[in-house]
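Text of the file structure-v2.csv, holding CSV, C-alpha atoms:
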chain,number,residue,atom,x,y,z
W,365,MET,CA,0.0,0.0,0.0
W,366,ASP,CA,1.2,3.5,-0.9
W,367,THR,CA,0.4,6.5,1.1
W,368,LEU,CA,0.3,10.0,-0.3
W,369,THR,CA,0.0,13.1,1.8
W,370,PHE,CA,-1.7,16.4,0.8
W,371,LYS,CA,-2.2,19.8,2.5
W,372,THR,CA,-5.6,21.2,1.7
W,373,ASN,CA,-7.4,24.5,1.9
W,374,LYS,CA,-10.7,25.2,3.6
W,375,GLU,CA,-12.8,23.8,0.8
W,376,GLU,CA,-11.5,22.7,-2.6
W,377,LEU,CA,-11.2,20.1,-5.3
W,378,LEU,CA,-7.5,19.4,-5.2
W,379,ASP,CA,-6.1,17.8,-8.4
W,380,ILE,CA,-4.1,14.7,-7.4
W,381,THR,CA,-3.9,13.1,-10.9
W,382,ALA,CA,-0.2,13.6,-11.3
W,383,GLU,CA,0.7,12.0,-7.9
W,384,ILE,CA,-1.6,9.0,-8.6
W,385,ALA,CA,-0.2,8.6,-12.1
W,386,GLU,CA,3.4,8.7,-10.7
W,387,THR,CA,2.5,6.0,-8.2
W,388,VAL,CA,1.1,3.8,-11.0
W,389,LYS,CA,4.3,4.4,-13.1
W,390,LYS,CA,6.5,3.3,-10.2
W,391,SER,CA,4.5,0.1,-9.6
W,392,ASN,CA,5.6,-1.2,-13.0
W,393,PHE,CA,2.2,-2.9,-13.5
W,394,GLU,CA,1.6,-3.1,-17.3
W,395,THR,CA,-2.1,-3.5,-16.9
W,396,GLY,CA,-4.2,-3.5,-13.8
W,397,ILE,CA,-6.5,-1.7,-11.4
W,398,CYS,CA,-5.6,1.3,-9.2
W,399,TYR,CA,-7.7,1.6,-6.0
W,400,ILE,CA,-7.7,5.0,-4.3
W,401,TYR,CA,-9.0,5.5,-0.8
W,402,VAL,CA,-9.2,8.3,1.7
W,403,PRO,CA,-9.2,7.3,5.4
W,404,HIS,CA,-11.2,10.4,6.4
W,405,THR,CA,-14.9,11.2,7.0
W,406,THR,CA,-15.1,14.9,6.0
W,407,CYS,CA,-13.4,14.7,2.6
W,408,GLY,CA,-14.0,12.6,-0.5
W,409,LEU,CA,-12.7,11.5,-3.9
W,410,ALA,CA,-14.1,12.3,-7.3
W,411,ILE,CA,-13.2,12.0,-11.0
W,412,ASN,CA,-14.3,15.0,-13.1
W,413,GLU,CA,-13.3,17.6,-15.6
W,414,ASN,CA,-9.7,18.6,-15.7
W,415,ALA,CA,-9.9,21.5,-18.2
W,416,ASP,CA,-12.0,24.5,-17.2
W,417,PRO,CA,-11.3,25.3,-13.5
W,418,SER,CA,-14.7,26.9,-13.1
W,419,VAL,CA,-16.3,23.4,-13.1
W,420,LYS,CA,-14.6,22.9,-9.7
W,421,SER,CA,-16.1,26.0,-8.2
W,422,ASP,CA,-19.5,25.2,-9.7
W,423,ILE,CA,-19.4,21.8,-8.1
W,424,LEU,CA,-18.4,23.1,-4.7
W,425,GLY,CA,-20.8,26.0,-4.9
W,426,GLU,CA,-23.8,23.9,-5.8
W,427,LEU,CA,-23.0,21.2,-3.2
W,428,LYS,CA,-22.9,24.0,-0.6
W,429,GLU,CA,-26.4,25.0,-1.7
W,430,MET,CA,-27.7,21.4,-1.8
W,431,VAL,CA,-26.5,20.4,1.6
W,432,ASN,CA,-28.4,22.9,3.9
W,433,GLU,CA,-26.0,24.6,6.3
W,434,ASN,CA,-28.9,25.8,8.5
W,435,TYR,CA,-30.3,22.4,9.2
W,436,PRO,CA,-30.5,21.8,13.0
W,437,TYR,CA,-27.5,19.5,13.1
W,438,ARG,CA,-26.7,17.9,16.4
W,439,HIS,CA,-23.1,16.9,15.9
W,440,GLY,CA,-21.0,19.3,18.1
W,441,GLU,CA,-18.1,19.8,15.8
W,442,GLY,CA,-20.1,21.9,13.3
W,443,ASN,CA,-19.0,20.0,10.2
W,444,SER,CA,-22.0,17.8,9.5
W,445,THR,CA,-22.3,19.2,6.0
W,446,ALA,CA,-18.8,17.9,5.3
W,447,HIS,CA,-19.7,14.4,6.5
W,448,ILE,CA,-22.7,14.5,4.2
W,449,LYS,CA,-20.8,15.7,1.2
W,450,SER,CA,-18.2,13.0,1.9
W,451,ILE,CA,-20.9,10.4,1.6
W,452,LEU,CA,-22.3,12.0,-1.6
W,453,THR,CA,-18.9,11.9,-3.4
W,454,GLY,CA,-17.7,8.7,-1.8
W,455,ASN,CA,-14.3,7.9,-0.3
W,456,SER,CA,-12.8,5.6,-2.8
W,457,LEU,CA,-12.2,5.3,-6.6
W,458,ILE,CA,-11.1,2.7,-9.1
W,459,VAL,CA,-9.1,3.6,-12.2
W,460,PHE,CA,-7.8,1.2,-14.8
W,461,ILE,CA,-4.1,0.8,-15.8
W,462,GLU,CA,-3.0,0.2,-19.4
W,463,ASN,CA,0.6,0.3,-20.6
W,464,ASN,CA,1.7,1.1,-17.1
W,465,ASN,CA,-0.3,4.4,-17.3
W,466,LEU,CA,-3.4,5.6,-15.4
W,467,LYS,CA,-6.1,5.3,-18.0
W,468,LEU,CA,-8.4,8.2,-17.6
W,469,GLY,CA,-10.8,9.7,-20.1
W,470,THR,CA,-9.6,12.7,-22.1
W,471,TRP,CA,-11.3,15.3,-19.8
W,472,GLN,CA,-10.9,13.4,-16.5
W,473,GLY,CA,-8.8,14.3,-13.5
W,474,VAL,CA,-8.7,12.7,-10.0
W,475,TYR,CA,-9.7,15.1,-7.2
W,476,LEU,CA,-9.4,15.0,-3.5
W,477,CYS,CA,-12.6,16.8,-2.4
W,478,GLU,CA,-11.9,18.8,0.8
W,479,PHE,CA,-15.0,19.9,2.6
W,480,ASP,CA,-13.6,20.7,6.1
W,481,GLY,CA,-10.0,22.0,5.7
W,482,PRO,CA,-7.5,23.2,6.0
W,483,ARG,CA,-6.1,19.7,6.9
W,484,THR,CA,-3.3,17.3,6.1
W,485,ARG,CA,-5.0,14.4,4.3
W,486,GLN,CA,-3.8,10.9,3.4
W,487,VAL,CA,-4.6,9.1,0.2
W,488,TRP,CA,-4.1,5.4,0.2
W,489,ILE,CA,-3.4,3.5,-3.0
W,490,LYS,CA,-3.3,-0.2,-3.9
W,491,ILE,CA,-2.6,-1.6,-7.3
W,492,THR,CA,-3.4,-5.1,-8.6
W,493,ALA,CA,-2.8,-6.8,-11.9
W,494,GLY,CA,-5.8,-7.2,-14.2
V,847,MET,CA,-10.0,-4.2,-21.2
V,848,ASP,CA,-13.3,-4.3,-23.1
V,849,THR,CA,-14.9,-1.2,-24.5
V,850,LEU,CA,-18.6,-1.0,-25.1
V,851,THR,CA,-20.2,1.9,-27.0
V,852,PHE,CA,-23.7,3.3,-26.5
V,853,LYS,CA,-25.8,6.1,-28.1
V,854,THR,CA,-27.7,8.0,-25.5
V,855,ASN,CA,-30.7,10.4,-25.5
V,856,LYS,CA,-30.7,13.9,-23.8
V,857,GLU,CA,-31.1,12.6,-20.3
V,858,GLU,CA,-31.8,9.0,-19.4
V,859,LEU,CA,-30.9,5.9,-17.4
V,860,LEU,CA,-29.9,3.5,-20.1
V,861,ASP,CA,-30.1,-0.2,-19.1
V,862,ILE,CA,-26.7,-1.7,-20.1
V,863,THR,CA,-27.1,-4.9,-18.0
V,864,ALA,CA,-27.3,-7.3,-21.0
V,865,GLU,CA,-24.2,-5.9,-22.6
V,866,ILE,CA,-22.2,-6.1,-19.3
V,867,ALA,CA,-23.5,-9.7,-18.7
V,868,GLU,CA,-22.5,-10.7,-22.2
V,869,THR,CA,-19.0,-9.4,-21.7
V,870,VAL,CA,-18.7,-11.4,-18.4
V,871,LYS,CA,-19.9,-14.5,-20.2
V,872,LYS,CA,-17.3,-14.1,-22.9
V,873,SER,CA,-14.5,-13.7,-20.3
V,874,ASN,CA,-15.0,-17.3,-19.2
V,875,PHE,CA,-14.2,-16.3,-15.6
V,876,GLU,CA,-16.0,-18.7,-13.3
V,877,THR,CA,-15.8,-16.3,-10.3
V,878,GLY,CA,-14.5,-12.8,-10.1
V,879,ILE,CA,-15.1,-9.1,-10.1
V,880,CYS,CA,-16.3,-7.0,-12.9
V,881,TYR,CA,-15.2,-3.4,-12.9
V,882,ILE,CA,-17.2,-0.9,-14.9
V,883,TYR,CA,-16.0,2.6,-15.7
V,884,VAL,CA,-17.1,5.6,-17.8
V,885,PRO,CA,-14.4,7.9,-19.1
V,886,HIS,CA,-16.7,10.9,-19.2
V,887,THR,CA,-17.5,13.8,-16.9
V,888,THR,CA,-21.2,14.5,-17.6
V,889,CYS,CA,-22.6,11.0,-17.3
V,890,GLY,CA,-22.4,8.4,-14.6
V,891,LEU,CA,-23.1,4.8,-13.6
V,892,ALA,CA,-25.6,3.4,-11.1
V,893,ILE,CA,-27.2,0.1,-10.1
V,894,ASN,CA,-30.9,0.3,-9.3
V,895,GLU,CA,-34.4,-1.1,-10.0
V,896,ASN,CA,-34.9,-3.0,-13.2
V,897,ALA,CA,-38.6,-3.6,-12.9
V,898,ASP,CA,-40.8,-0.5,-12.9
V,899,PRO,CA,-39.6,2.0,-15.5
V,900,SER,CA,-41.1,4.9,-13.5
V,901,VAL,CA,-38.3,4.5,-11.0
V,902,LYS,CA,-35.9,5.7,-13.7
V,903,SER,CA,-38.0,8.8,-14.4
V,904,ASP,CA,-38.5,9.5,-10.7
V,905,ILE,CA,-34.7,9.4,-10.2
V,906,LEU,CA,-34.0,11.7,-13.1
V,907,GLY,CA,-36.8,14.1,-12.1
V,908,GLU,CA,-35.8,14.4,-8.5
V,909,LEU,CA,-32.1,14.8,-9.4
V,910,LYS,CA,-33.1,17.6,-11.7
V,911,GLU,CA,-34.9,19.3,-8.8
V,912,MET,CA,-32.0,18.7,-6.3
V,913,VAL,CA,-29.3,20.1,-8.5
V,914,ASN,CA,-30.4,23.7,-9.0
V,915,GLU,CA,-30.4,24.7,-12.7
V,916,ASN,CA,-30.6,28.4,-11.9
V,917,TYR,CA,-27.5,28.5,-9.7
V,918,PRO,CA,-25.0,31.2,-11.2
V,919,TYR,CA,-22.7,28.6,-12.7
V,920,ARG,CA,-19.5,30.0,-14.3
V,921,HIS,CA,-18.6,27.0,-16.6
V,922,GLY,CA,-19.3,28.3,-20.1
V,923,GLU,CA,-20.7,25.1,-21.6
V,924,GLY,CA,-23.9,25.3,-19.6
V,925,ASN,CA,-23.7,21.7,-18.4
V,926,SER,CA,-22.5,22.2,-14.9
V,927,THR,CA,-25.6,20.3,-13.5
V,928,ALA,CA,-24.5,17.3,-15.5
V,929,HIS,CA,-21.0,17.4,-14.0
V,930,ILE,CA,-22.5,17.6,-10.5
V,931,LYS,CA,-24.9,14.7,-11.1
V,932,SER,CA,-22.0,12.7,-12.5
V,933,ILE,CA,-20.2,13.2,-9.2
V,934,LEU,CA,-23.3,12.2,-7.2
V,935,THR,CA,-23.8,8.9,-9.0
V,936,GLY,CA,-20.1,8.2,-9.5
V,937,ASN,CA,-18.3,7.0,-12.6
V,938,SER,CA,-17.5,3.4,-11.7
V,939,LEU,CA,-19.1,0.3,-10.4
V,940,ILE,CA,-18.1,-3.2,-9.2
V,941,VAL,CA,-20.2,-6.2,-9.6
V,942,PHE,CA,-19.4,-9.8,-8.5
V,943,ILE,CA,-19.2,-12.8,-10.9
V,944,GLU,CA,-20.4,-16.2,-9.8
V,945,ASN,CA,-20.7,-19.2,-12.2
V,946,ASN,CA,-19.5,-17.1,-15.0
V,947,ASN,CA,-22.6,-14.8,-14.5
V,948,LEU,CA,-22.9,-11.2,-13.5
V,949,LYS,CA,-24.3,-11.6,-9.9
V,950,LEU,CA,-26.9,-8.8,-9.4
V,951,GLY,CA,-29.7,-8.7,-6.8
V,952,THR,CA,-33.1,-9.8,-8.0
V,953,TRP,CA,-34.3,-6.2,-8.7
V,954,GLN,CA,-31.0,-4.7,-9.9
V,955,GLY,CA,-30.0,-3.5,-13.3
V,956,VAL,CA,-26.9,-1.6,-14.4
V,957,TYR,CA,-27.5,1.9,-15.8
V,958,LEU,CA,-25.5,4.4,-17.8
V,959,CYS,CA,-26.8,7.7,-16.5
V,960,GLU,CA,-26.8,10.3,-19.2
V,961,PHE,CA,-27.1,13.8,-18.0
V,962,ASP,CA,-25.9,15.7,-21.0
V,963,GLY,CA,-26.8,13.9,-24.2
V,964,PRO,CA,-27.4,13.0,-26.8
V,965,ARG,CA,-23.9,11.6,-27.1
V,966,THR,CA,-21.9,8.5,-28.0
V,967,ARG,CA,-20.5,7.1,-24.7
V,968,GLN,CA,-17.9,4.5,-23.9
V,969,VAL,CA,-18.1,2.0,-21.1
V,970,TRP,CA,-14.8,0.4,-20.1
V,971,ILE,CA,-14.8,-3.0,-18.5
V,972,LYS,CA,-12.2,-5.1,-16.7
V,973,ILE,CA,-12.6,-8.5,-15.1
V,974,THR,CA,-10.4,-10.2,-12.6
V,975,ALA,CA,-10.6,-13.5,-10.8
V,976,GLY,CA,-11.7,-13.6,-7.2
T,988,MET,CA,-18.3,-15.1,-1.8
T,989,ASP,CA,-19.6,-14.5,1.8
T,990,THR,CA,-23.1,-13.4,2.6
T,991,LEU,CA,-24.0,-11.6,5.8
T,992,THR,CA,-27.6,-10.9,6.8
T,993,PHE,CA,-28.9,-8.0,8.8
T,994,LYS,CA,-32.2,-6.9,10.1
T,995,THR,CA,-32.8,-3.2,9.8
T,996,ASN,CA,-35.1,-0.6,11.2
T,997,LYS,CA,-37.3,1.9,9.2
T,998,GLU,CA,-34.4,4.2,8.4
T,999,GLU,CA,-30.9,3.9,9.9
T,1000,LEU,CA,-27.2,3.8,9.4
T,1001,LEU,CA,-26.4,0.3,10.7
T,1002,ASP,CA,-22.8,-0.2,11.8
T,1003,ILE,CA,-21.6,-3.4,10.2
T,1004,THR,CA,-17.9,-2.8,10.7
T,1005,ALA,CA,-17.4,-5.7,13.2
T,1006,GLU,CA,-19.0,-8.3,10.9
T,1007,ILE,CA,-17.0,-7.1,7.9
T,1008,ALA,CA,-13.8,-7.2,9.9
T,1009,GLU,CA,-14.6,-10.7,11.2
T,1010,THR,CA,-15.1,-11.9,7.6
T,1011,VAL,CA,-11.7,-10.4,6.7
T,1012,LYS,CA,-10.1,-12.2,9.6
T,1013,LYS,CA,-11.5,-15.5,8.6
T,1014,SER,CA,-10.3,-15.1,5.1
T,1015,ASN,CA,-6.6,-15.3,6.2
T,1016,PHE,CA,-5.6,-12.9,3.5
T,1017,GLU,CA,-2.5,-11.0,4.8
T,1018,THR,CA,-3.0,-8.1,2.4
T,1019,GLY,CA,-5.7,-7.5,-0.1
T,1020,ILE,CA,-8.9,-5.8,-1.0
T,1021,CYS,CA,-12.3,-6.3,0.5
T,1022,TYR,CA,-15.3,-5.6,-1.8
T,1023,ILE,CA,-18.7,-5.0,-0.1
T,1024,TYR,CA,-21.9,-5.1,-2.1
T,1025,VAL,CA,-25.6,-4.8,-1.3
T,1026,PRO,CA,-27.9,-6.6,-3.8
T,1027,HIS,CA,-30.8,-4.2,-3.0
T,1028,THR,CA,-32.2,-1.0,-4.6
T,1029,THR,CA,-33.5,1.0,-1.6
T,1030,CYS,CA,-30.5,0.8,0.7
T,1031,GLY,CA,-26.9,1.7,0.3
T,1032,LEU,CA,-23.4,1.4,1.8
T,1033,ALA,CA,-21.2,4.2,3.2
T,1034,ILE,CA,-18.1,4.8,5.2
T,1035,ASN,CA,-18.3,7.5,7.7
T,1036,GLU,CA,-17.7,8.6,11.3
T,1037,ASN,CA,-17.9,5.9,14.0
T,1038,ALA,CA,-17.6,8.1,17.1
T,1039,ASP,CA,-20.4,10.6,17.7
T,1040,PRO,CA,-23.7,8.9,16.9
T,1041,SER,CA,-25.3,12.2,16.1
T,1042,VAL,CA,-23.4,12.2,12.8
T,1043,LYS,CA,-25.6,9.3,11.7
T,1044,SER,CA,-28.9,11.1,12.5
T,1045,ASP,CA,-27.5,14.3,10.9
T,1046,ILE,CA,-26.8,12.4,7.7
T,1047,LEU,CA,-30.2,10.7,7.6
T,1048,GLY,CA,-32.0,14.0,8.6
T,1049,GLU,CA,-30.4,16.1,5.9
T,1050,LEU,CA,-30.7,13.4,3.2
T,1051,LYS,CA,-34.4,13.4,4.1
T,1052,GLU,CA,-34.5,17.1,3.5
T,1053,MET,CA,-32.5,17.0,0.3
T,1054,VAL,CA,-34.5,14.3,-1.4
T,1055,ASN,CA,-38.0,15.9,-1.7
T,1056,GLU,CA,-40.7,13.6,-0.3
T,1057,ASN,CA,-43.4,15.7,-2.0
T,1058,TYR,CA,-42.1,15.4,-5.5
T,1059,PRO,CA,-44.8,13.9,-7.8
T,1060,TYR,CA,-43.2,10.5,-8.0
T,1061,ARG,CA,-44.9,7.9,-10.3
T,1062,HIS,CA,-43.5,4.7,-8.8
T,1063,GLY,CA,-46.4,3.0,-7.1
T,1064,GLU,CA,-44.6,1.6,-4.1
T,1065,GLY,CA,-44.1,5.0,-2.5
T,1066,ASN,CA,-40.4,4.5,-1.9
T,1067,SER,CA,-38.8,6.5,-4.7
T,1068,THR,CA,-36.9,8.6,-2.2
T,1069,ALA,CA,-35.2,5.4,-1.0
T,1070,HIS,CA,-34.2,4.5,-4.5
T,1071,ILE,CA,-32.7,8.0,-5.0
T,1072,LYS,CA,-30.8,7.9,-1.7
T,1073,SER,CA,-29.4,4.4,-2.6
T,1074,ILE,CA,-28.0,6.0,-5.8
T,1075,LEU,CA,-26.5,8.9,-3.9
T,1076,THR,CA,-24.7,6.7,-1.4
T,1077,GLY,CA,-23.9,3.9,-3.8
T,1078,ASN,CA,-24.3,0.1,-3.3
T,1079,SER,CA,-20.7,-1.0,-3.1
T,1080,LEU,CA,-17.5,-0.2,-1.2
T,1081,ILE,CA,-13.9,-1.2,-1.3
T,1082,VAL,CA,-11.7,-1.3,1.8
T,1083,PHE,CA,-8.0,-2.3,2.0
T,1084,ILE,CA,-6.7,-5.3,4.0
T,1085,GLU,CA,-3.3,-5.0,5.8
T,1086,ASN,CA,-2.0,-7.6,8.3
T,1087,ASN,CA,-5.2,-9.6,7.9
T,1088,ASN,CA,-7.2,-6.6,9.2
T,1089,LEU,CA,-9.7,-4.3,7.7
T,1090,LYS,CA,-7.7,-1.1,7.2
T,1091,LEU,CA,-10.1,1.8,8.0
T,1092,GLY,CA,-9.2,5.3,9.0
T,1093,THR,CA,-9.2,6.1,12.7
T,1094,TRP,CA,-12.7,7.6,12.7
T,1095,GLN,CA,-14.2,5.4,10.0
T,1096,GLY,CA,-16.9,2.8,10.3
T,1097,VAL,CA,-18.8,0.8,7.6
T,1098,TYR,CA,-22.5,1.4,7.4
T,1099,LEU,CA,-25.4,-0.3,5.8
T,1100,CYS,CA,-27.7,2.7,5.0
T,1101,GLU,CA,-31.4,1.6,5.3
T,1102,PHE,CA,-33.8,3.9,3.6
T,1103,ASP,CA,-36.9,1.7,3.3
T,1104,GLY,CA,-37.0,-0.7,6.2
T,1105,PRO,CA,-37.6,-2.6,8.2
T,1106,ARG,CA,-36.2,-5.3,6.1
T,1107,THR,CA,-33.8,-8.3,6.1
T,1108,ARG,CA,-30.8,-7.2,4.0
T,1109,GLN,CA,-27.9,-9.1,2.5
T,1110,VAL,CA,-24.4,-7.9,2.3
T,1111,TRP,CA,-22.1,-9.7,-0.1
T,1112,ILE,CA,-18.4,-9.8,0.4
T,1113,LYS,CA,-15.5,-10.8,-1.8
T,1114,ILE,CA,-11.8,-10.6,-0.9
T,1115,THR,CA,-8.8,-10.7,-3.2
T,1116,ALA,CA,-5.1,-10.6,-2.6
T,1117,GLY,CA,-3.3,-7.3,-3.4

Would you give me this structure, written as structure tokens?
Amino acid sequence: MDTLTFKTNKEELLDITAEIAETVKKSNFETGICYIYVPHTTCGLAINENADPSVKSDILGELKEMVNENYPYRHGEGNSTAHIKSILTGNSLIVFIENNNLKLGTWQGVYLCEFDGPRTRQVWIKITAG
Amino acid sequence: MDTLTFKTNKEELLDITAEIAETVKKSNFETGICYIYVPHTTCGLAINENADPSVKSDILGELKEMVNENYPYRHGEGNSTAHIKSILTGNSLIVFIENNNLKLGTWQGVYLCEFDGPRTRQVWIKITAG
Amino acid sequence: MDTLTFKTNKEELLDITAEIAETVKKSNFETGICYIYVPHTTCGLAINENADPSVKSDILGELKEMVNENYPYRHGEGNSTAHIKSILTGNSLIVFIENNNLKLGTWQGVYLCEFDGPRTRQVWIKITAG
């Protein structure tokens, strides 16, 4: 298992594609599956557009509107919306490996979705043949 | 890796269960795991009810209500709601294989969720033993 | 493939971490990947906080607010909101195995998310080396 570490801002979609791709390169697997996992409960992982940066702010902005910040949450830490967004995005991804490369679609990037930063976050990676 | 191609309508849950099941059959794996992945950023994948077609329209209708179309999105292509719905559903699935068959629950089907069609979409599939 | 069975209440996040961990133990895999799958269409799976139980009620409460119960759903069984929540959480998870243990983050637990109980639910598990 590989562990990557990232420092995040308050709320952001942090592009971690290059770091994941480098981990795949180093594995020397010609074909396979890359499993990506965050061991946290107030951030998530998502694959989405890597071209226009306004897609990232649109996603964060509308998620902020969807998950009501004024709901009478009982959790004392005040970050219940981050727990909910984490469940909506999910905390793991799979990506295929072909020719020892991470095989993403043309417009896809891999994002660590921070909903309760700034924090230091871990991303765990496993790779299997396939 | 297998690649399937589908033509989609404007917005729909397209049942791709038969095509996935056929790919599993051809693989000759007796038991294993089937990984399904879409390399796009405005469609997604989901497993849900395969019996009453009104479930599909209920899902699309309520997602349309949940993800505000009148939010001041900045992405110039006008399809930010599709990017968000893609993140909510996710862009990959796993399904188990038993007896060389896709092992779904009784009421489950596999759906390509088109949120920004009509388009020609790819679905990538890998299968491993397990 | 292992099958676990759980009885659920009307609506709850049921902690199934212990049962999953026990299945991993029995597998004797030193390192690997644990795939968890529910063969149903009105419940889901999620990984989230295992400490403060109010996080669970906050998640269920806000999901109930997000997915409009008064939308003019056409599905006759009256449980369309449960189908939608099932798609939002997803119906499968992956968790890593290290030292023959389920490797979760410090604050993570594995939850069966019941949105249309009470029911008897199955959770399917596969484990591969990796």

Would you mind listing what lies within 9 Å of Lys910 (chain V) as a ChimeraX atom specification, with only C-alpha atoms counted and same-chain residues fewer than 4 positions away left out? /V:905-906,914-915,927,931

Produce a table with one row for each residue of chain V that has an atom at most 12 Å from any atom of chain W, each row naming the nearest atom pair and its distance in Å at one decimal; use all atoms listed in the file; arrange rows by chain and rising residue number; format as CSV.
residue,atom,partner,partner_atom,distance
V:Met847,CA,W:Glu462,CA,8.5
V:Asp848,CA,W:Phe460,CA,11.4
V:Gly878,CA,W:Gly494,CA,11.1
V:Ile879,CA,W:Gly494,CA,10.3
V:Cys880,CA,W:Gly494,CA,10.6
V:Tyr881,CA,W:Ile458,CA,8.3
V:Ile882,CA,W:Ile458,CA,9.2
V:Tyr883,CA,W:Val459,CA,7.8
V:Val884,CA,W:Gly469,CA,7.9
V:Pro885,CA,W:Gly469,CA,4.1
V:His886,CA,W:Gly469,CA,6.1
V:Thr887,CA,W:Asn412,CA,5.1
V:Thr888,CA,W:Asn412,CA,8.3
V:Cys889,CA,W:Asn412,CA,10.1
V:Gly890,CA,W:Ile411,CA,10.5
V:Leu909,CA,W:Met430,CA,11.0
V:Lys910,CA,W:Met430,CA,11.9
V:Glu911,CA,W:Met430,CA,10.3
V:Met912,CA,W:Met430,CA,6.8
V:Val913,CA,W:Met430,CA,7.0
V:Asn914,CA,W:Glu426,CA,7.3
V:Glu915,CA,W:Glu426,CA,9.6
V:Asn916,CA,W:Glu426,CA,10.2
V:Tyr917,CA,W:Glu426,CA,7.1
V:Pro918,CA,W:Asp422,CA,8.3
V:Tyr919,CA,W:Asp422,CA,5.5
V:Arg920,CA,W:Ser418,CA,5.8
V:His921,CA,W:Ser418,CA,5.2
V:Gly922,CA,W:Ser418,CA,8.5
V:Glu923,CA,W:Val419,CA,9.7
V:Gly924,CA,W:Val419,CA,10.2
V:Asn925,CA,W:Val419,CA,9.3
V:Ser926,CA,W:Val419,CA,6.6
V:Thr927,CA,W:Ile423,CA,8.4
V:Ala928,CA,W:Ile423,CA,10.1
V:His929,CA,W:Asn412,CA,7.2
V:Ile930,CA,W:Ile423,CA,5.7
V:Lys931,CA,W:Ile423,CA,9.5
V:Ser932,CA,W:Asn412,CA,8.1
V:Ile933,CA,W:Thr453,CA,6.1
V:Leu934,CA,W:Leu452,CA,5.7
V:Thr935,CA,W:Thr453,CA,8.0
V:Gly936,CA,W:Thr453,CA,7.2
V:Asn937,CA,W:Ile411,CA,7.3
V:Ser938,CA,W:Ile458,CA,6.9
V:Leu939,CA,W:Ile458,CA,8.5
V:Ile940,CA,W:Ile458,CA,9.2
V:Arg967,CA,W:Gly469,CA,11.0
V:Gln968,CA,W:Gly469,CA,9.6
V:Val969,CA,W:Gly469,CA,10.7
V:Trp970,CA,W:Phe460,CA,8.8
V:Ile971,CA,W:Phe460,CA,9.0
V:Lys972,CA,W:Gly494,CA,7.2
V:Ile973,CA,W:Gly494,CA,7.0
V:Thr974,CA,W:Gly494,CA,5.7
V:Ala975,CA,W:Gly494,CA,8.6
V:Gly976,CA,W:Gly494,CA,11.2

Using only C-alpha atoms, which protein or nucleic acid residues come within 7 Å of Glu858 (chain V)? Drop anything in the same chain fewer than 5 positions from it, and give the result as a count of residues only. 3

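Note that the spacing between CA of Thr1010 (chain T) and CA of Lys994 (chain T) amounts to 18.0 Å.
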
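Straight-line separation from CA of Glu868 (chain V) to CA of Thr854 (chain V): 19.7 Å.
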
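Going from CA of Ile384 (chain W) over to CA of Asn1087 (chain T), you cover 25.1 Å.
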